Amino acid sequence: MLFNTTQFFIFLAVVLVLFYASPHRFRRYILLAASYFFYACWNYKFIALLLTLTAIDYTAALWLEKVAPGPRKKALLILSLSANLGFLGFFKYYNFLAANLALLLGKPPHSFFLDIVLPLGISFHTFQSMSYVVDVYRGQQKAVRSPIDYALFICFFPQLVAGPIVRAHTFFRDLFHWRPPSADDVSTGIFLLVLGLTKKMAFADQFAKVANRYFSDVAGNPGMATAWSGVFAFGVQIYFDFSGYTDMAIGMAKLLGFHFPVNFRRPYLASSITDFWRRWHISLSTWLRDYLYIPLGGNRHGQWMTYRNLAITMLLGGLWHGASWNFVIWGGYHGALLSLERLFRGGGRSWLYPLKAILTFALVLIGWVFFRAADLPQSLQILRQMFSRPGGHTLLQHWHVGLALVALVLAVGEEKFEWFERIMEAPAWAYATALAAMFFCLEVFGVIDANIPFIYFQF
Amino acid sequence: MRVPGTSRQTSRRLGLALPLAFLGLLALDGLLFRTPFYPSVLEMDSTAGGFELTLWREQQAQTLNGDNLVVTLGDSRFAYSPRLANELTAKTGYVFRHAGVAGTDVRAWYYMLRDLDPTARRYRAIVFGVRDYDDEDEYFTPDDDIRALHYVIARLRWSDVPGFALSFHSPSLKWEALRGAALKGIVYQADLLAFLAKPKERIRLARIEHRKYEQWTYGYEETPRSLEGLRIDWSAWKATFPPGLDQDQIDTVNRDLLREPAPQTGRLAAFRRAWYGRILDRYRGSPTKIIFVRLARAPIPRPDGLVRKKSATIREFASRPNVLLCDEHAFESLEHPELFRDALHLNRAGIARFSAMLAEDIGRMLGSAAR
């Protein structure tokens with residue numbers, strides 16, 4: 001049940017009605033049942049996996065709270081993390097490791113393959129679960145007593161399959177002190193829901209058609225202009241796809257009285273790669289910072305250790321996205337850029353900002369090549385095309401460029417003047433005009449019946 | 001349901017904003033797609049574009065002709081040449097115009113006629129070409145032909161939305177039709193994106209097409225290719241094809257002539273009753289005659305009695321005062337492989353013969369051209 005389908009909106013409407021029509025004490029049960037139903041619509045068999053992980057971490061956290069600091073407590077933490085990483089590793093990385101092992105042994109790549117289906121959202125909910133256990137271990141979070149509350153934290157349907165990765169204290173603060181959403185929350189929730197849908201269906205899916213056309217036949221689409229336009233299309237697609245999903249998730253949560261953190265802040269306006277990672281998939285980058293980079297030592301042990309820590313964090317961040325060398329390279333590429341930026345860090349001049357933003361965007365696009373290409377040889381082929389002599393033709397139509405320019409203007413407006421926040425609080429006619437414009441955009445540009453899945457659902 | 005805890009003022013703002021947003025959407029949709037501009041620049045080769053161009057051409061023809069106009073409506077099987085039919089005007093007294101569009105059915109013809117003849121008095125006769133006066137359900141059911149939405153999209157008014165949507169059989173198509181008829185941009189989307197890619201070029205081409213469409217279509221000549229030599233052994237349910245046929249010709253014979261009979265559900269009858277019924281109701285009390293013509297069925301007609309037809313809607317209509325049925329055997333002489341280009345359509349020679357026969361038969365049925 002994708003967010004961009006009629007079925008999902010019927011489901012959401014039913015959940016909202018049941019939620020608000022029920023007495024307060026039943027509401028979390030309704031959300032839990034709805035969340036499991038939502039997950040079961042994709043593949044009911046993996047409910048058992050979700051329940052197992054939930055049970056392990058719920059129990060581990062209760063124990064961790066009881067055990068005094070020391071080796072026993074550490075062992076308990078390691079046990080819990082191993083269970084999470086074990087499941088994640090098996091479902092997500094087994095075949096990747098098996099293929100590489102086969103390669104090392106000189107056997108055909110599929111020699112040790114297993115027919116494994118990747119459970120939906122496993123990377124997201126295991127990270128969420130692990131952060132909870134670590135927080136309890138560190139004493140930053142109290143262990144949750146109710147298994148229902150904990151299960152809801154793990155499987156809350158708006159963010160179950162593709163985040164944002166919500167920290168336990170944020171979620172339980174809203175759950176334990178639940179208050180009905182204010183009218184502003186409702187108005188923001190509806191706005192974000194429509195905005196997210198528009199981003200996904202009118203922008204991401206339209207650019208997806210161009211990107212898919214290019215990446216499915218790179219050799220058949222030669223030339224520098226062709227390559228850049230195909231990669232640009234993917235860059236636009238992935239941003240609108242993922243941030244559209246996140247907007248919808250945040251909007252839905254708001255309608256249910258929960259407040260999720262912002263996950264994207266106009267990343268393509270970033271003036272550097274460091275800035276980009278402060279704006280892109282913020283819930284993952286802060287997770288990696290808090291649970292990987294800082295525990296590794298962060299920037300506290302000198303320049304070279306900092307570079308090492310950055311590299312490890314980004315390599316693992318890349319690998320989190322998918323089990324292939326391309327994702328490792330993508331992570332490594334960003335790690336290298338972050339390290340280089342640290343090395344040549346200088347004072348910013350505001351008049352240089354447009355140039356820096358364009359350069360950053362171009363560097364991010366180059367990174368997307370590894371992210372989207374089928375394998376390493378295809379990535380290299382695309383890079384060769386991008387940096388060959390000028391030639392080829394753009395795959396983008398005038399209206400694609402128009403859509404991208406509209407998005408740019410809106411992003412700059414939001415960055416400088418907080419247009420969207422103002423609109424959400426504006427008088428009824430202005431708010432209605434914005435909604436009508438988005439609906440109209442959906443009508444004329446929305447890819448309606450193709451139901452193109454969200455990119456991050458695969459992670 | 002009021003969300004608890006919301007202040008009254010902001011709730012009122014939301015309550016006002018949401019309906020306003022939907023009204024705004026409808027206004028934008030109306031401004032772009034319910035005004036004359038966009039339908040006039042539709043891609044000619046699209047379903048909607050072809051339909052609109054045909055309507056426009058026939059509206060122009062009304063201004064150039066007198067009151068002896070006969071308009072024909074049908075799908076691609078109603079293949080005749082108005083030019084050849086009009087060569088007999090001196091004899092028949094009538095000028096024939098063809099408003100049929102390939103792939104359409106009576107649902108689309110209703111909307112075509114509504115805008116072609118708003119007073120329901122412009123034509124001396126409206127001639128519908130049908131395959132059979134009896135109702136034989138086939139596997140392809142016209143009540144679930146969503147192409148109708150795309151053909152008539154520019155003709156649909158707000159008031160048509162519920163009726164049009166409900167005229168589809170399956171719930172998913174009802175929803176698709178409702179959505180598309182209410183928000184036309186969804187249906188026009190592919191055309192609009194192509195338009196936005198090259199707007200000047202489209203407008204230039206649309207102007208040329210409007211200027212030349214009459215010339216292109218009125219003088220159109222069908223292919224002389226035929227199925228001569230085709231034989232079908234109905235006892236073995238097997239066709240023997242002459243050498244030289246292309247795959248399309250062979251496929252149409254296998255698909256349309258050698259098809260298995262479908263279960264008789266009564267859906268075709270209901271569909272015909274609904275849509276011809278609406279047309280006949282519009283022309284009740286009008287001097288315009290409604291004429292049904294059974295077209296030449298096939299190069300080799302399927303044997304009678306393959307299915308037990310439960311109803312004969314067209315025959316039932318004949319009891320209405322201004323409805324006439326052409327002799328159903330009138331065009332059986334055309335049912336020969338040498339007069340068909342494939343299993344469904346007449347070829348050039350077939351069209352030439354049919355055009356003359358049609359003009360004469362209609363002329364005879366209508367009598368003197370003087371009102």
# chains A, B, ... in the order shown; residues from 1 in each chain; ligands from 1
$ closest_atom_pairs --of "chain B" --to "chain A" --cutoff "7 Å" --atoms "only C-alpha atoms" --output "JSON lines"
{"residue": "B:Pro4", "atom": "CA", "partner": "A:Pro180", "partner_atom": "CA", "distance": 6.0}
{"residue": "B:Gly5", "atom": "CA", "partner": "A:Pro180", "partner_atom": "CA", "distance": 5.8}
{"residue": "B:Thr6", "atom": "CA", "partner": "A:Ala183", "partner_atom": "CA", "distance": 4.8}
{"residue": "B:Ser7", "atom": "CA", "partner": "A:Ala183", "partner_atom": "CA", "distance": 6.5}
{"residue": "B:Thr10", "atom": "CA", "partner": "A:Ala183", "partner_atom": "CA", "distance": 5.7}
{"residue": "B:Ser11", "atom": "CA", "partner": "A:Ala183", "partner_atom": "CA", "distance": 5.8}
{"residue": "B:Arg13", "atom": "CA", "partner": "A:Ala428", "partner_atom": "CA", "distance": 5.2}
{"residue": "B:Leu14", "atom": "CA", "partner": "A:Ser187", "partner_atom": "CA", "distance": 6.7}
{"residue": "B:Leu16", "atom": "CA", "partner": "A:Ala428", "partner_atom": "CA", "distance": 6.4}
{"residue": "B:Ala17", "atom": "CA", "partner": "A:Ala432", "partner_atom": "CA", "distance": 4.8}
{"residue": "B:Leu18", "atom": "CA", "partner": "A:Ala432", "partner_atom": "CA", "distance": 6.3}
{"residue": "B:Leu20", "atom": "CA", "partner": "A:Ala432", "partner_atom": "CA", "distance": 5.7}
{"residue": "B:Ala21", "atom": "CA", "partner": "A:Ala432", "partner_atom": "CA", "distance": 4.3}
{"residue": "B:Phe22", "atom": "CA", "partner": "A:Ala436", "partner_atom": "CA", "distance": 6.3}
{"residue": "B:Gly24", "atom": "CA", "partner": "A:Ala436", "partner_atom": "CA", "distance": 5.3}
{"residue": "B:Leu25", "atom": "CA", "partner": "A:Ala436", "partner_atom": "CA", "distance": 4.8}
{"residue": "B:Gly185", "atom": "CA", "partner": "A:Val444", "partner_atom": "CA", "distance": 5.0}
{"residue": "B:Ile186", "atom": "CA", "partner": "A:Glu443", "partner_atom": "CA", "distance": 5.3}
{"residue": "B:Gln189", "atom": "CA", "partner": "A:Val444", "partner_atom": "CA", "distance": 5.4}
{"residue": "B:Leu196", "atom": "CA", "partner": "A:Trp399", "partner_atom": "CA", "distance": 6.0}
{"residue": "B:Ala197", "atom": "CA", "partner": "A:His398", "partner_atom": "CA", "distance": 5.4}
$ residues_around --residues "Ala336 (chain A)" --least-positions-apart "5" --cutoff "9 Å" --atoms "only C-alpha atoms" --output "PyMOL selection string"
chain A and resi 307+310-311+314+331+341
$ write_last_selection --atoms "N, CA and C atoms" --output "PDB file, in the first residue's frame"
ATOM      1  N   TYR A 307      39.436  12.345   9.809  1.00  0.00           N
ATOM      2  CA  TYR A 307      39.206  11.883   8.432  1.00  0.00           C
ATOM      3  C   TYR A 307      38.841  10.399   8.426  1.00  0.00           C
ATOM      4  N   LEU A 310      35.306  10.083   9.631  1.00  0.00           N
ATOM      5  CA  LEU A 310      34.376  10.530   8.581  1.00  0.00           C
ATOM      6  C   LEU A 310      34.237   9.455   7.512  1.00  0.00           C
ATOM      7  N   ALA A 311      35.394   8.918   7.121  1.00  0.00           N
ATOM      8  CA  ALA A 311      35.381   7.909   6.053  1.00  0.00           C
ATOM      9  C   ALA A 311      34.591   6.680   6.495  1.00  0.00           C
ATOM     10  N   MET A 314      30.809   7.488   6.652  1.00  0.00           N
ATOM     11  CA  MET A 314      30.159   7.634   5.346  1.00  0.00           C
ATOM     12  C   MET A 314      30.148   6.316   4.577  1.00  0.00           C
ATOM     13  N   GLY A 331      29.189   6.238  -0.616  1.00  0.00           N
ATOM     14  CA  GLY A 331      29.496   6.682   0.748  1.00  0.00           C
ATOM     15  C   GLY A 331      30.928   7.164   0.854  1.00  0.00           C
ATOM     16  N   GLU A 341      36.893  18.940   2.304  1.00  0.00           N
ATOM     17  CA  GLU A 341      36.351  20.232   2.750  1.00  0.00           C
ATOM     18  C   GLU A 341      36.936  20.655   4.090  1.00  0.00           C
TER      19      GLU A 341
END
$ residues_around --residues "Thr265 (chain B)" --least-positions-apart "2" --cutoff "12 Å" --atoms "only C-alpha atoms" --output "VMD selection string"
chain B and resid 135 to 141 261 to 263 267 to 271 307 to 311
$ write_last_selection --atoms "N, CA and C atoms" --output "PDB file, in the first residue's frame"
ATOM      1  N   ASP B 135     -29.092  -8.091 -30.186  1.00  0.00           N
ATOM      2  CA  ASP B 135     -28.023  -7.781 -29.222  1.00  0.00           C
ATOM      3  C   ASP B 135     -27.189  -9.024 -28.962  1.00  0.00           C
ATOM      4  N   GLU B 136     -25.967  -8.997 -29.442  1.00  0.00           N
ATOM      5  CA  GLU B 136     -25.076 -10.119 -29.159  1.00  0.00           C
ATOM      6  C   GLU B 136     -23.904  -9.629 -28.318  1.00  0.00           C
ATOM      7  N   ASP B 137     -23.848 -10.092 -27.100  1.00  0.00           N
ATOM      8  CA  ASP B 137     -22.723  -9.717 -26.235  1.00  0.00           C
ATOM      9  C   ASP B 137     -21.451 -10.373 -26.741  1.00  0.00           C
ATOM     10  N   GLU B 138     -20.385  -9.577 -26.725  1.00  0.00           N
ATOM     11  CA  GLU B 138     -19.073 -10.134 -27.062  1.00  0.00           C
ATOM     12  C   GLU B 138     -18.176  -9.999 -25.840  1.00  0.00           C
ATOM     13  N   TYR B 139     -16.976 -10.556 -25.935  1.00  0.00           N
ATOM     14  CA  TYR B 139     -16.083 -10.463 -24.775  1.00  0.00           C
ATOM     15  C   TYR B 139     -15.695  -9.012 -24.497  1.00  0.00           C
ATOM     16  N   PHE B 140     -15.588  -8.245 -25.556  1.00  0.00           N
ATOM     17  CA  PHE B 140     -15.301  -6.819 -25.381  1.00  0.00           C
ATOM     18  C   PHE B 140     -16.631  -6.092 -25.199  1.00  0.00           C
ATOM     19  N   THR B 141     -16.812  -5.522 -24.033  1.00  0.00           N
ATOM     20  CA  THR B 141     -18.104  -4.892 -23.763  1.00  0.00           C
ATOM     21  C   THR B 141     -17.976  -3.368 -23.830  1.00  0.00           C
ATOM     22  N   PRO B 261     -18.052 -17.732 -29.169  1.00  0.00           N
ATOM     23  CA  PRO B 261     -19.182 -16.923 -28.705  1.00  0.00           C
ATOM     24  C   PRO B 261     -19.032 -16.605 -27.214  1.00  0.00           C
ATOM     25  N   ALA B 262     -19.401 -15.391 -26.867  1.00  0.00           N
ATOM     26  CA  ALA B 262     -19.283 -14.968 -25.463  1.00  0.00           C
ATOM     27  C   ALA B 262     -20.592 -15.277 -24.731  1.00  0.00           C
ATOM     28  N   PRO B 263     -20.531 -15.403 -23.410  1.00  0.00           N
ATOM     29  CA  PRO B 263     -21.766 -15.583 -22.643  1.00  0.00           C
ATOM     30  C   PRO B 263     -22.700 -14.386 -22.859  1.00  0.00           C
ATOM     31  N   ARG B 267     -25.581  -7.151 -21.291  1.00  0.00           N
ATOM     32  CA  ARG B 267     -24.953  -5.840 -21.077  1.00  0.00           C
ATOM     33  C   ARG B 267     -25.004  -4.968 -22.323  1.00  0.00           C
ATOM     34  N   LEU B 268     -24.853  -5.588 -23.496  1.00  0.00           N
ATOM     35  CA  LEU B 268     -24.917  -4.780 -24.719  1.00  0.00           C
ATOM     36  C   LEU B 268     -26.314  -4.176 -24.872  1.00  0.00           C
ATOM     37  N   ALA B 269     -27.325  -4.982 -24.587  1.00  0.00           N
ATOM     38  CA  ALA B 269     -28.701  -4.487 -24.707  1.00  0.00           C
ATOM     39  C   ALA B 269     -28.926  -3.314 -23.759  1.00  0.00           C
ATOM     40  N   ALA B 270     -28.463  -3.455 -22.545  1.00  0.00           N
ATOM     41  CA  ALA B 270     -28.646  -2.381 -21.562  1.00  0.00           C
ATOM     42  C   ALA B 270     -27.910  -1.119 -22.015  1.00  0.00           C
ATOM     43  N   PHE B 271     -26.726  -1.323 -22.552  1.00  0.00           N
ATOM     44  CA  PHE B 271     -25.922  -0.193 -23.020  1.00  0.00           C
ATOM     45  C   PHE B 271     -26.617   0.510 -24.194  1.00  0.00           C
ATOM     46  N   VAL B 307     -24.937 -18.126 -31.300  1.00  0.00           N
ATOM     47  CA  VAL B 307     -25.404 -17.723 -29.963  1.00  0.00           C
ATOM     48  C   VAL B 307     -26.909 -17.485 -30.014  1.00  0.00           C
ATOM     49  N   ARG B 308     -27.521 -17.674 -28.886  1.00  0.00           N
ATOM     50  CA  ARG B 308     -28.969 -17.404 -28.799  1.00  0.00           C
ATOM     51  C   ARG B 308     -29.121 -15.981 -28.268  1.00  0.00           C
ATOM     52  N   LYS B 309     -29.462 -15.078 -29.187  1.00  0.00           N
ATOM     53  CA  LYS B 309     -29.542 -13.664 -28.792  1.00  0.00           C
ATOM     54  C   LYS B 309     -30.838 -13.438 -28.041  1.00  0.00           C
ATOM     55  N   LYS B 310     -30.721 -12.787 -26.912  1.00  0.00           N
ATOM     56  CA  LYS B 310     -31.872 -12.691 -26.019  1.00  0.00           C
ATOM     57  C   LYS B 310     -32.756 -11.487 -26.300  1.00  0.00           C
ATOM     58  N   SER B 311     -32.215 -10.496 -26.995  1.00  0.00           N
ATOM     59  CA  SER B 311     -33.008  -9.280 -27.210  1.00  0.00           C
ATOM     60  C   SER B 311     -32.610  -8.615 -28.518  1.00  0.00           C
TER      61      SER B 311
END
$ residues_around --residues "Gly244 (chain B)" --least-positions-apart "6" --cutoff "10 Å" --atoms "only C-alpha atoms" --output "PyMOL selection string"
chain B and resi 225-227
$ write_last_selection --atoms "N, CA and C atoms" --output "PDB file, in the first residue's frame"
ATOM      1  N   ARG B 225      -6.567  -3.266 -51.177  1.00  0.00           N
ATOM      2  CA  ARG B 225      -6.241  -4.642 -50.763  1.00  0.00           C
ATOM      3  C   ARG B 225      -7.501  -5.383 -50.365  1.00  0.00           C
ATOM      4  N   SER B 226      -7.494  -6.666 -50.531  1.00  0.00           N
ATOM      5  CA  SER B 226      -8.693  -7.435 -50.185  1.00  0.00           C
ATOM      6  C   SER B 226      -8.315  -8.781 -49.575  1.00  0.00           C
ATOM      7  N   LEU B 227      -9.354  -9.497 -49.194  1.00  0.00           N
ATOM      8  CA  LEU B 227      -9.164 -10.840 -48.635  1.00  0.00           C
ATOM      9  C   LEU B 227      -9.553 -11.900 -49.665  1.00  0.00           C
TER      10      LEU B 227
END
$ atom_distance --atom1 "CA of Thr170 (chain A)" --atom2 "CA of Ser82 (chain A)"
24.7 Å
